[in-house]
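A.B. asks: File follows, input35.txt with compact mmCIF, C-alpha atoms and all ligand atoms:
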# COMPACT_ATOMS: atom_id res chain seq x y z
CA MET I 85 128.56 53.46 148.02
CA SER I 86 126.03 55.37 150.12
CA ASP I 87 127.45 57.50 152.93
CA LEU I 88 125.30 55.44 155.29
CA LEU I 89 126.79 52.09 154.39
CA PRO I 90 130.04 51.83 156.31
CA VAL I 91 128.06 50.44 159.28
CA VAL I 92 126.01 47.30 158.67
CA GLY I 93 123.92 45.56 161.33
CA VAL I 94 123.47 41.77 161.04
CA VAL I 95 120.59 40.38 163.10
CA GLY I 96 120.71 36.65 163.80
CA ALA I 97 124.20 35.18 164.19
CA GLY I 98 123.49 31.56 163.24
CA ILE I 99 124.75 29.65 160.21
CA MET I 100 124.00 32.44 157.74
CA GLY I 101 124.35 35.57 159.88
CA ALA I 102 127.93 34.74 160.92
CA GLN I 103 129.01 34.09 157.34
CA ILE I 104 127.24 37.18 156.01
CA ALA I 105 128.90 39.32 158.69
CA GLN I 106 132.29 37.91 157.67
CA VAL I 107 131.78 38.69 153.97
CA ILE I 108 130.50 42.22 154.58
CA ALA I 109 133.36 43.00 156.99
CA THR I 110 135.80 41.62 154.43
CA ALA I 111 134.26 44.06 151.92
CA GLY I 112 135.28 46.92 154.21
CA CYS I 113 132.19 47.76 156.28
CA ALA I 114 132.00 47.90 160.06
CA VAL I 115 129.58 45.15 161.10
CA ARG I 116 127.58 44.90 164.31
CA LEU I 117 126.40 41.36 164.88
CA TYR I 118 123.45 40.64 167.16
CA ASP I 119 121.65 37.47 168.25
CA ARG I 120 118.77 36.99 170.69
CA ASP I 121 120.84 34.18 172.21
CA PRO I 122 123.99 35.82 173.63
CA ALA I 123 125.84 32.47 173.60
CA GLN I 124 125.61 32.52 169.81
CA LEU I 125 127.91 35.53 169.43
CA PRO I 126 131.21 33.94 170.57
CA ARG I 127 130.34 30.88 168.48
CA ALA I 128 129.76 33.09 165.45
CA MET I 129 133.04 34.95 165.99
CA ASP I 130 134.87 31.63 166.28
CA THR I 131 133.29 30.40 163.03
CA ILE I 132 134.27 33.62 161.31
CA GLU I 133 137.87 33.30 162.37
CA HIS I 134 138.45 29.53 162.43
CA GLY I 135 135.55 27.90 160.57
CA ARG I 136 135.88 25.83 157.39
CA PHE I 137 135.16 28.93 155.27
CA GLY I 138 136.48 31.39 157.83
CA LEU I 139 139.26 33.93 157.62
CA ARG I 140 142.19 31.70 158.68
CA ARG I 141 141.27 29.03 156.15
CA ALA I 142 140.93 31.74 153.49
CA VAL I 143 144.53 32.71 154.26
CA ASP I 144 145.61 29.05 154.04
CA ARG I 145 143.92 28.76 150.64
CA GLY I 146 145.62 31.93 149.40
CA LYS I 147 142.32 33.85 149.13
CA LEU I 148 143.18 36.44 151.78
CA ALA I 149 146.44 38.15 152.73
CA PRO I 150 147.53 37.17 156.27
CA GLY I 151 147.72 40.83 157.29
CA GLU I 152 144.04 41.38 156.47
CA VAL I 153 142.65 39.08 159.13
CA ALA I 154 143.22 41.41 162.07
CA ALA I 155 141.72 44.38 160.20
CA ILE I 156 138.60 42.39 159.24
CA LEU I 157 138.15 41.11 162.80
CA ALA I 158 138.52 44.67 164.08
CA ARG I 159 135.57 45.68 161.87
CA LEU I 160 133.33 43.01 163.47
CA HIS I 161 131.56 43.97 166.69
CA PRO I 162 129.30 41.63 168.66
CA ALA I 163 126.40 43.75 169.94
CA ALA I 164 124.65 43.16 173.26
CA THR I 165 121.33 44.64 172.14
CA LEU I 166 119.42 45.16 168.92
CA ALA I 167 119.62 48.91 169.46
CA GLU I 168 123.41 48.72 169.64
CA ALA I 169 123.54 46.57 166.49
CA VAL I 170 121.41 48.78 164.26
CA GLY I 171 121.28 52.20 165.96
CA ASP I 172 123.82 53.76 163.58
CA ALA I 173 123.53 51.30 160.70
CA GLY I 174 123.05 52.36 157.09
CA LEU I 175 121.93 48.87 156.17
CA VAL I 176 120.66 45.88 158.14
CA VAL I 177 120.73 42.21 157.14
CA GLU I 178 118.13 40.10 158.95
CA ALA I 179 119.09 36.40 159.26
CA VAL I 180 116.70 34.99 161.88
CA PRO I 181 114.90 31.66 161.28
CA GLU I 182 112.53 31.20 158.32
CA ASP I 183 109.28 32.08 160.12
CA LEU I 184 107.14 34.88 158.72
CA ASP I 185 105.61 35.97 162.06
CA LEU I 186 109.07 36.13 163.65
CA LYS I 187 110.54 38.05 160.73
CA CYS I 188 107.62 40.53 160.75
CA ARG I 189 108.18 41.12 164.47
CA VAL I 190 111.90 41.63 163.88
CA PHE I 191 111.21 44.08 161.02
CA ARG I 192 108.84 46.09 163.24
CA GLU I 193 111.58 46.30 165.85
CA LEU I 194 114.23 47.17 163.26
CA ASP I 195 112.00 49.96 162.01
CA GLU I 196 111.95 51.41 165.54
CA ARG I 197 115.67 51.05 166.23
CA ALA I 198 117.46 51.69 162.91
CA PRO I 199 118.01 55.23 161.55
CA PRO I 200 115.09 56.37 159.35
CA ARG I 201 117.22 56.26 156.19
CA ALA I 202 118.61 52.76 156.80
CA ILE I 203 117.80 50.01 154.31
CA LEU I 204 116.43 46.80 155.82
CA THR I 205 117.23 43.55 154.01
CA SER I 206 116.15 39.98 154.69
CA ASN I 207 118.07 36.80 153.94
CA SER I 208 114.82 34.87 153.79
CA ALA I 209 115.02 31.89 151.46
CA GLY I 210 111.53 32.48 150.11
CA LEU I 211 109.09 34.38 152.35
CA PRO I 212 107.18 37.41 151.05
CA ILE I 213 109.29 40.56 151.19
CA THR I 214 106.08 42.54 150.65
CA ALA I 215 104.85 41.41 154.09
CA LEU I 216 108.14 42.45 155.72
CA ALA I 217 108.02 45.82 153.95
CA HIS I 218 104.51 46.49 155.26
CA ALA I 219 105.54 45.57 158.80
CA THR I 220 107.57 48.82 158.71
CA ARG I 221 106.92 52.52 158.10
CA ARG I 222 109.64 52.51 155.42
CA PRO I 223 108.37 49.98 152.84
CA GLY I 224 110.49 51.65 150.14
CA GLN I 225 113.67 50.71 151.99
CA VAL I 226 112.91 47.02 152.47
CA ILE I 227 114.37 44.45 150.06
CA GLY I 228 115.24 40.75 150.07
CA TRP I 229 118.93 39.87 149.87
CA HIS I 230 119.07 36.10 149.62
CA TRP I 231 122.56 34.63 150.10
CA ALA I 232 123.83 31.12 149.41
CA GLN I 233 126.24 29.31 151.67
CA PRO I 234 129.13 29.04 152.07
CA CYS I 235 128.68 32.79 151.78
CA ALA I 236 132.39 33.48 151.35
CA VAL I 237 132.40 31.31 148.23
CA MET I 238 128.97 31.34 146.59
CA ARG I 239 128.38 34.35 144.35
CA MET I 240 124.60 34.48 144.47
CA ALA I 241 122.90 37.72 145.49
CA GLU I 242 119.20 37.21 144.75
CA LEU I 243 117.72 40.65 145.40
CA VAL I 244 113.97 40.45 145.89
CA ARG I 245 112.09 43.59 145.09
CA ALA I 246 108.65 44.22 146.59
CA PRO I 247 106.33 46.60 144.69
CA SER I 248 107.21 49.26 147.29
CA THR I 249 111.02 48.89 147.05
CA THR I 250 112.67 52.02 145.66
CA ASP I 251 115.21 52.12 142.84
CA GLU I 252 117.64 53.69 145.31
CA ALA I 253 117.38 50.74 147.71
CA VAL I 254 117.95 48.32 144.82
CA ALA I 255 120.99 50.32 143.68
CA VAL I 256 122.55 50.56 147.16
CA VAL I 257 122.17 46.84 147.89
CA SER I 258 123.36 45.87 144.38
CA ASP I 259 126.45 48.00 144.91
CA LEU I 260 127.23 46.44 148.28
CA ALA I 261 126.62 42.94 146.90
CA ARG I 262 129.14 43.62 144.11
CA ARG I 263 131.64 44.89 146.68
CA CYS I 264 131.13 41.58 148.46
CA GLY I 265 132.13 39.79 145.24
CA LYS I 266 128.58 38.70 144.37
CA ASN I 267 126.55 38.86 141.15
CA PRO I 268 123.32 40.67 142.05
CA VAL I 269 120.19 39.57 140.20
CA VAL I 270 117.00 41.51 140.93
CA VAL I 271 113.77 39.47 140.93
CA LYS I 272 110.17 40.41 141.69
CA ASP I 273 108.61 39.34 144.96
CA GLN I 274 105.82 36.82 144.37
CA PRO I 275 104.13 36.61 147.77
CA GLU I 276 101.88 33.64 146.92
CA VAL I 277 104.76 31.26 146.14
CA TRP I 278 107.64 30.40 148.48
CA GLY I 279 111.19 30.44 147.09
CA TYR I 280 111.68 33.49 144.81
CA VAL I 281 113.53 32.12 141.74
CA ALA I 282 116.57 30.09 142.90
CA ASN I 283 114.68 27.97 145.43
CA ARG I 284 111.59 27.49 143.22
CA ILE I 285 113.75 26.05 140.46
CA ASN I 286 115.77 24.06 142.96
CA ALA I 287 112.56 22.58 144.41
CA ALA I 288 111.28 21.62 140.96
CA VAL I 289 114.53 19.80 140.08
CA ARG I 290 114.58 17.98 143.42
CA ARG I 291 110.94 16.94 143.07
CA GLU I 292 111.29 15.64 139.52
CA SER I 293 114.60 13.87 140.21
CA ARG I 294 113.00 11.95 143.06
CA ARG I 295 109.93 11.22 140.98
CA VAL I 296 111.69 9.56 138.04
CA VAL I 297 113.58 7.28 140.44
CA ASP I 298 110.42 6.44 142.43
CA GLU I 299 108.64 5.60 139.16
CA GLY I 300 111.38 3.02 138.47
CA ILE I 301 112.45 4.68 135.23
CA CYS I 302 116.12 4.84 136.22
CA THR I 303 118.49 4.88 139.19
CA GLU I 304 119.84 7.87 141.09
CA ALA I 305 123.28 7.36 139.54
CA GLU I 306 121.73 7.33 136.09
CA VAL I 307 119.89 10.62 136.72
CA ASP I 308 123.20 12.14 137.78
CA GLN I 309 125.02 10.80 134.71
CA LEU I 310 122.32 12.06 132.32
CA MET I 311 122.25 15.56 133.77
CA LYS I 312 126.03 15.89 133.62
CA ASP I 313 126.25 14.56 130.08
CA CYS I 314 123.21 16.39 128.73
CA PHE I 315 123.55 19.82 130.39
CA ARG I 316 127.20 19.93 131.50
CA TRP I 317 126.14 20.15 135.15
CA PRO I 318 129.24 19.64 137.28
CA MET I 319 127.27 17.27 139.56
CA GLY I 320 123.99 15.43 139.29
CA PRO I 321 121.12 16.28 141.67
CA PHE I 322 121.63 13.19 143.86
CA GLU I 323 125.36 13.82 144.14
CA LEU I 324 124.67 17.41 145.08
CA TRP I 325 121.84 16.96 147.55
CA GLY I 326 122.32 13.41 148.79
CA GLY I 327 120.39 10.42 147.49
CA THR I 328 118.02 9.02 150.06
CA THR I 329 117.14 12.38 151.61
CA LEU I 330 116.32 14.03 148.29
CA LYS I 331 112.64 15.01 148.32
N1 LIG Q 401 121.10 27.75 156.14
C1 LIG Q 401 121.10 28.00 154.84
O1 LIG Q 401 121.74 27.30 154.02
C2 LIG Q 401 120.33 29.18 154.30
C3 LIG Q 401 120.57 29.61 152.99
C4 LIG Q 401 119.91 30.75 152.52
C5 LIG Q 401 119.03 31.43 153.34
N2 LIG Q 401 118.79 30.96 154.61
C6 LIG Q 401 117.87 31.73 155.45
O2 LIG Q 401 118.62 32.48 156.40
C7 LIG Q 401 117.85 32.68 157.59
C8 LIG Q 401 118.64 32.20 158.78
O3 LIG Q 401 118.95 30.84 158.60
P1 LIG Q 401 120.11 30.12 159.42
O4 LIG Q 401 120.33 28.81 158.72
O5 LIG Q 401 121.25 31.04 159.63
O6 LIG Q 401 119.37 29.87 160.81
P2 LIG Q 401 120.03 29.59 162.26
O7 LIG Q 401 118.97 28.91 163.05
O8 LIG Q 401 121.36 28.93 162.10
O9 LIG Q 401 120.28 31.06 162.85
C9 LIG Q 401 119.25 31.91 163.20
C10 LIG Q 401 119.73 32.72 164.39
O10 LIG Q 401 118.76 33.74 164.66
C11 LIG Q 401 118.68 33.90 166.08
N3 LIG Q 401 117.41 34.55 166.40
C12 LIG Q 401 116.18 34.01 166.51
N4 LIG Q 401 115.27 34.95 166.79
C13 LIG Q 401 115.96 36.13 166.86
C14 LIG Q 401 115.57 37.47 167.12
N5 LIG Q 401 114.31 37.80 167.36
N6 LIG Q 401 116.53 38.42 167.12
C15 LIG Q 401 117.83 38.10 166.89
N7 LIG Q 401 118.25 36.84 166.64
C16 LIG Q 401 117.31 35.87 166.61
C17 LIG Q 401 118.82 32.50 166.63
O11 LIG Q 401 119.25 32.52 168.00
C18 LIG Q 401 119.88 31.91 165.67
O12 LIG Q 401 121.20 32.06 166.18
C19 LIG Q 401 116.53 31.92 157.36
O13 LIG Q 401 115.56 32.80 156.87
C20 LIG Q 401 116.92 30.91 156.29
O14 LIG Q 401 115.81 30.44 155.52
C21 LIG Q 401 119.43 29.89 155.12
As structure tokens, please, write out the structure in this file.

C.D. replies:
Amino acid sequence: MSDLLPVVGVVGAGIMGAQIAQVIATAGCAVRLYDRDPAQLPRAMDTIEHGRFGLRRAVDRGKLAPGEVAAILARLHPAATLAEAVGDAGLVVEAVPEDLDLKCRVFRELDERAPPRAILTSNSAGLPITALAHATRRPGQVIGWHWAQPCAVMRMAELVRAPSTTDEAVAVVSDLARRCGKNPVVVKDQPEVWGYVANRINAAVRRESRRVVDEGICTEAEVDQLMKDCFRWPMGPFELWGGTTLK
């Protein structure tokens, strides 16, 4: 692991940021967690400790030794300012809402506050990493790191490489993802299409599942049964995503 990595800044402490902070602290890094809304930080810390996929439940399920909880919590530091969160970070994970203008603004600010060698990653679900890279003066050190939730359980690490992203940045983030128990897969950024790979394929399955039911060809339950029996999917699309809301 890079000598810079022991400190990781996580920016945005909502649903994803809190879980990502938990996983990275569990992997052994010191994590500074920041949110524009200060009220979000105690909520995030509570989720990390007591949430459904938090540390205490991990102990109950036998996934974590009881003695590890205090050490992991000691590695997690709520930060009052962005500068405090990323000022000595080797790597930053951005997890603010899915809005390109907002993310570009955040990346410009991260570029000013984080050490020049720090790698800046985004948990965007599908926005162009190339645009985030060019919002900074370090486009080689910008890379997408798309997580799936619950982050403590799901093994996806979709690493999204912009044309500018260096091999070193890919290697450092792949290494940390593996330390977090994930299976890194590096994909190319495709700025014209939202969703990288996982969410593009997900969207296509959702769209087509809805379509065959709307065309009256079969029922939702029948789609689910066919997909399980034909492709050994553990659940059908309607079971997984919920019937009436599936679009
Ligand atoms: N929710 C999911 O299942 C999921 C899965 C994969 C990826 N993502 C992606 O992760 C990102 C975050 O999603 P989320 O579901 O955690 O959103 P969220 O709304 O739960 O959390 C976002 C947090 O960012 C904070 N924030 C907003 N502007 C900020 C700023 N300028 N600086 C610091 N903090 C700021 C907000 O106060 C909020 O607490 C999005 O890009 C989303 O597409 C979400």

A.B. asks: Using all atoms listed in the file, which residues have at least one atom no more than 8 Å from ligand LIG 401 (chain Q)? Output them as a PyMOL selection string.

C.D. replies: chain I and resi 95-102+118-121+124+166+178-183+186-187+189-190+206-210+230-234

A.B. asks: Suppose we keep C-alpha atoms; can you now write the selection as a compact mmCIF listing (two decimals), in the coordinates of the input?

C.D. replies:
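The result, written out as part22.txt:
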# COMPACT_ATOMS: atom_id res chain seq x y z
CA VAL I 95 120.59 40.38 163.10
CA GLY I 96 120.71 36.65 163.80
CA ALA I 97 124.20 35.18 164.19
CA GLY I 98 123.49 31.56 163.24
CA ILE I 99 124.75 29.65 160.21
CA MET I 100 124.00 32.44 157.74
CA GLY I 101 124.35 35.57 159.88
CA ALA I 102 127.93 34.74 160.92
CA TYR I 118 123.45 40.64 167.16
CA ASP I 119 121.65 37.47 168.25
CA ARG I 120 118.77 36.99 170.69
CA ASP I 121 120.84 34.18 172.21
CA GLN I 124 125.61 32.52 169.81
CA LEU I 166 119.42 45.16 168.92
CA GLU I 178 118.13 40.10 158.95
CA ALA I 179 119.09 36.40 159.26
CA VAL I 180 116.70 34.99 161.88
CA PRO I 181 114.90 31.66 161.28
CA GLU I 182 112.53 31.20 158.32
CA ASP I 183 109.28 32.08 160.12
CA LEU I 186 109.07 36.13 163.65
CA LYS I 187 110.54 38.05 160.73
CA ARG I 189 108.18 41.12 164.47
CA VAL I 190 111.90 41.63 163.88
CA SER I 206 116.15 39.98 154.69
CA ASN I 207 118.07 36.80 153.94
CA SER I 208 114.82 34.87 153.79
CA ALA I 209 115.02 31.89 151.46
CA GLY I 210 111.53 32.48 150.11
CA HIS I 230 119.07 36.10 149.62
CA TRP I 231 122.56 34.63 150.10
CA ALA I 232 123.83 31.12 149.41
CA GLN I 233 126.24 29.31 151.67
CA PRO I 234 129.13 29.04 152.07

A.B. asks: If you measure from CA of Ala236 (chain I) to CA of Gln103 (chain I), what distance in Å do you get, rounded to one decimal?

C.D. replies: 6.9 Å

A.B. asks: To one decimal in Å, tell me the separation between CA of Met240 (chain I) and CA of Val269 (chain I).

C.D. replies: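 Between these atoms lies a distance of 8.0 Å.
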
A.B. asks: Separation of CA of Pro122 (chain I) and CA of Val176 (chain I), in Å?

C.D. replies: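 That distance, rounded to one decimal, is 18.8 Å.
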
A.B. asks: If you count only C-alpha atoms, which residues fall within 12 Å of Met311 (chain I), apart from same-chain ones fewer than 4 positions away, as number ranges by chain?

C.D. replies: I: 289, 293, 304-307, 315-324

A.B. asks: Show me, as a list in words, the residues that have an atom within 7 Å of Ala163 (chain I) when counting only C-alpha atoms, minus same-chain residues fewer than 5 positions from it.

C.D. replies: Arg116, Leu117, Tyr118, Glu168 and Ala169 of chain I

A.B. asks: Pick out the closest residue to Ala155 (chain I) from this set: I:Pro212, I:Gly112, I:Gly326, I:Pro223. Count all atoms listed in the file.

C.D. replies: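 Residue with the minimum atom-to-atom distance to Ala155 (chain I): I:Gly112.
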
A.B. asks: Which is closer to Pro199 (chain I) than all the others in I:Trp325, I:Leu148, I:Gly93, I:Val244, using only C-alpha atoms?

C.D. replies: I:Gly93

A.B. asks: Return the single residue from I:Thr110, I:Thr165, I:Ser258, I:Thr303 that is closest to Gly138 (chain I), with distances computed using all atoms listed in the file.

C.D. replies: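 The answer is I:Thr110, which sits nearest to Gly138 (chain I).
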
A.B. asks: Taking all atoms listed in the file into account, which of I:Ala261, I:Ala215, I:Cys235, I:Val256 comes nearest Asp185 (chain I)?

C.D. replies: I:Ala215

A.B. asks: Considering all atoms listed in the file, can you say which of I:Val277, I:Leu216, I:Val257, I:Ala241 comes closest to Ala202 (chain I)?

C.D. replies: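 Of the candidates, the smallest distance to Ala202 (chain I) is held by I:Val257.
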
A.B. asks: Need the shell around Gly174 (chain I): protein/DNA/RNA residues with any atom at most 12 Å away, counting only C-alpha atoms. Skip same-chain ones fewer than 6 positions apart. Format as a PyMOL selection string?

C.D. replies: chain I and resi 85-94+113-116+194+197-205+225+253+256-257+260

A.B. asks: Between I:Leu175, I:Val237, I:Leu125, I:Asp273, which one has atoms that come closest to Lys147 (chain I), using all atoms listed in the file?

C.D. replies: I:Val237

A.B. asks: Excluding same-chain residues fewer than 2 positions from Thr220 (chain I), what lies within 6 Å of it counting all atoms listed in the file, as a ChimeraX atom specification?

C.D. replies: /I:192,195,217-218,222
